[in-house]
Amino acid sequence: MTDLTSDISLDLTADTPPMAFAQLQLSAPLARAVAEMGYETMTPIQAQAIPVVLQGRDVMGAAQTGTGKTAAFALPLMQRMLQHENASTSPARHPVRALVLLPTRELAVQVAEQVELYGKYTNLRSAVVFGGMDMKPQTLELKKGVEVLVATPGRLLDHIEAKNCVLNQVEYVVLDEADRMLDIGFLPDLQRILSYLPKQRTTLLFSATFSSEIKRLASSYLQDPVTIEVARSNAAASTVEQHFYSVEGEDKRHALHQVLKDRGLKQAFVFVNSKLGCARLARSLEHEGLKTTALHGDKSQDERLKALEAFKSGVVDLLVCTDVAARGLDIKDVPAVFNFDIPFHAEDYIHRIGRTGRAGAEGLAVTFVAKCDQRLVADIEKLLKTKIELEALEFPENLPDIRKQGHINDGRRMYQQDDSSARRDDFAPRNPRPPRSDYRRSAAHDPFFDKPYEAALPADAAPAWEAAAVRPGVRSISSNIKSKRKVAALFCAA
Ligand code: AMP
């Protein structure tokens with residue numbers, strides 16, 4: 001057991017000038033791959049973690065998604081592993097030397113893709129294994145021999161039990177998104193996996209938050225770790241401008257339109273708490289003239305792929321989503337995130353707003369707060385260790401009456417209105433987290449991508465809401481819905 005109080009704590013965050021990758025003297029194949037990816041300067045987590053990992057020290061890193069932490073661990077590990085690099089075709093010459101564990105398939109795929117890119121000019125082999133698909137292709141890959149294995153814990157155990165991989169030469173272990181792995185209930189699996197590994201190794205633990213459970217995990221498995229915090233732990237990326245507006249349920253859509261317009265935003269994520277709320281809000285916004293798509297857990301894999309692709313390519317402007325999209329999704333430069341519903345779990349706030357302001361870009365996070373949300377605001381304040389000031393939004397007097405269009409998308413309201421099955425299945429309970437086992441079963445398995453986001457709209461193109469049908473005095477409704485007035489006229493004529 002290591003006493004965490006003896007850790008060295010680096011705090012290079014404040015005003016440290018950005019360091020160029022050239023200063024690292026990475027080996028030529030890695031430097032070439034990094035240059036090809038267009039990285040010039042290191043992100044703060046990279047500037048701090050890479051030199052430490054190159055020295056072979058254990059690391060406890062507080063870094064949220066989008067900070068560049070994959071390169072922060074992958075590059076120095078690969079640099080150290082290059083001493084074993086060989087072009088032999090024998091599997092025995094390519095034992096697993098680095099193991100990267102992640103909570104979800106999407107994150108595993110994303111990290112594996114990055115690892116492959118960084119290692120493309122080396123002879124180091126990498127592979128990814130995760131649950132929910134046939135083991136055979138993964139087995140074939142493992143049997144060929146891989147130096148860097150990216151895995152989710154459950155499926156890795158399946159492969160270990162099937163003797164598809166041997167881990168007795170592992171020198172480096174990365175526990176990525178460790179808080180999420182514990183949330184999902186992976187602790188026993190992690191403990192088993194770690195028990196199979198050589199004691200002499202470098203262990204890196206990354207977590208968005210440093211809860212007491214995470215600290216316990218670190219004290220059990222890390223040796224004299226260097227603690228690295230790129231921002232205050234449990235803090236949101238500093239490049240994200242955050243606003244909390246006091247808006248009651250029925251005015252939220254007005255508020256959304258208003259902020260989009262005032263800020264001239266071209267694209268945004270809009271988070272809601274329930275699947276049903278997500279579908280309905282997306283439909284309503286579409287009716288109001290905004291190009292919108294929905295992404296939630298009830299959508300098929302294909303539908304989710306299409307939704308994401310439509311957003312990435314700029315075919316849609318708004319991606320209305322539940323928390324399945326809060327983690328792992330790497331779309332660069334999403335200009336804004338809206339919390340249409342304030343999240344039930346404060347940690348999700350960090351993850352949601354982590355979709356914007358990625359890798360140093362500027363971002364905007366807007367949260368709508370109803371009167372009954374006070375406790376959830378207090379939870380976020382506690383997590384961020386910052387007092388949240390609620391702001392008022394001024395609406396123009398000639399506000400269109402969108403609230404009468406029949407789709408009120410506040411989760412609570414729907415809870416009252418919808419049938420009991422929707423209530424049971426769709427609306428998450430306000431307070432307690434689901435029991436661990438359920439949590440694990442319902443863990444988000446979503447097709448997240450690492451394909452760089454390219455805005456399809458020209459920079460000067462007018463955002464959809466400029467032309468949207470929510471104009472003063474004009475009701476914006478679907479062409480399929482006849483307005484009440486016309487129907488009444490029809491009756492009169494008859
Ligand atoms: P990560 O937090 O590792 O998921 O990285 C988030 C995104 O930032 C990924 O798309 C990376 O390709 C990108 N990225 C990582 N490091 C850098 C860097 N030094 N410069 C520019 N982009 C980077």
# chains A, B, ... in the order shown; residues from 1 in each chain; ligands from 1
$ select_by_dssp --residues "region 167-408 of chain A" --states "helix (DSSP H, G or I)" --output "PyMOL selection string"
chain A and resi 178-184+187-195+212-221+249-263+275-287+301-312+323-325+346-353+358-360+371-384+402-405
$ atom_distance --atom1 "CA of Glu85 (chain A)" --atom2 "CA of Leu222 (chain A)"
26.4 Å
$ atom_distance --atom1 "CA of Met78 (chain A)" --atom2 "CA of Lys120 (chain A)"
11.1 Å
$ closest_residue --among "A:Val334, A:Val96, A:Val128, A:Val315" --to "ligand 1" --atoms "only C-alpha atoms and all ligand atoms"
A:Val334
$ residues_around --residues "Leu124 (chain A)" --least-positions-apart "4" --cutoff "8 Å" --atoms "only C-alpha atoms" --output "PyMOL selection string"
chain A and resi 78+82+85-86+94+119+146-148
$ write_last_selection --atoms "N, CA and C atoms" --output "PDB file, in the first residue's frame"
ATOM      1  N   MET A  78       4.680   4.111 -25.614  1.00  0.00           N
ATOM      2  CA  MET A  78       5.189   3.564 -26.872  1.00  0.00           C
ATOM      3  C   MET A  78       6.672   3.884 -27.032  1.00  0.00           C
ATOM      4  N   LEU A  82       9.590   0.991 -27.500  1.00  0.00           N
ATOM      5  CA  LEU A  82      10.308   0.865 -28.782  1.00  0.00           C
ATOM      6  C   LEU A  82      11.582   0.019 -28.649  1.00  0.00           C
ATOM      7  N   GLU A  85      10.811  -3.221 -29.935  1.00  0.00           N
ATOM      8  CA  GLU A  85      10.195  -3.249 -31.266  1.00  0.00           C
ATOM      9  C   GLU A  85      10.918  -4.238 -32.171  1.00  0.00           C
ATOM     10  N   ASN A  86      10.158  -5.043 -32.891  1.00  0.00           N
ATOM     11  CA  ASN A  86      10.787  -5.950 -33.854  1.00  0.00           C
ATOM     12  C   ASN A  86       9.790  -6.289 -34.958  1.00  0.00           C
ATOM     13  N   HIS A  94       5.905 -10.703 -29.793  1.00  0.00           N
ATOM     14  CA  HIS A  94       5.021  -9.544 -29.593  1.00  0.00           C
ATOM     15  C   HIS A  94       4.090  -9.778 -28.386  1.00  0.00           C
ATOM     16  N   GLY A 119       1.216   4.828 -33.426  1.00  0.00           N
ATOM     17  CA  GLY A 119       2.222   3.780 -33.651  1.00  0.00           C
ATOM     18  C   GLY A 119       2.375   3.388 -35.102  1.00  0.00           C
ATOM     19  N   VAL A 146       0.274  -8.956 -29.733  1.00  0.00           N
ATOM     20  CA  VAL A 146       0.120  -7.493 -29.745  1.00  0.00           C
ATOM     21  C   VAL A 146       0.852  -6.905 -28.551  1.00  0.00           C
ATOM     22  N   GLU A 147       1.510  -5.789 -28.772  1.00  0.00           N
ATOM     23  CA  GLU A 147       2.226  -5.135 -27.675  1.00  0.00           C
ATOM     24  C   GLU A 147       1.312  -4.235 -26.837  1.00  0.00           C
ATOM     25  N   VAL A 148       0.360  -3.572 -27.517  1.00  0.00           N
ATOM     26  CA  VAL A 148      -0.535  -2.675 -26.782  1.00  0.00           C
ATOM     27  C   VAL A 148      -1.952  -3.239 -26.896  1.00  0.00           C
TER      28      VAL A 148
END
$ closest_residue --among "A:Gln79, A:Ser126, A:Gln48, A:Gln55" --to "Leu30 (chain A)" --atoms "only C-alpha atoms"
A:Gln79
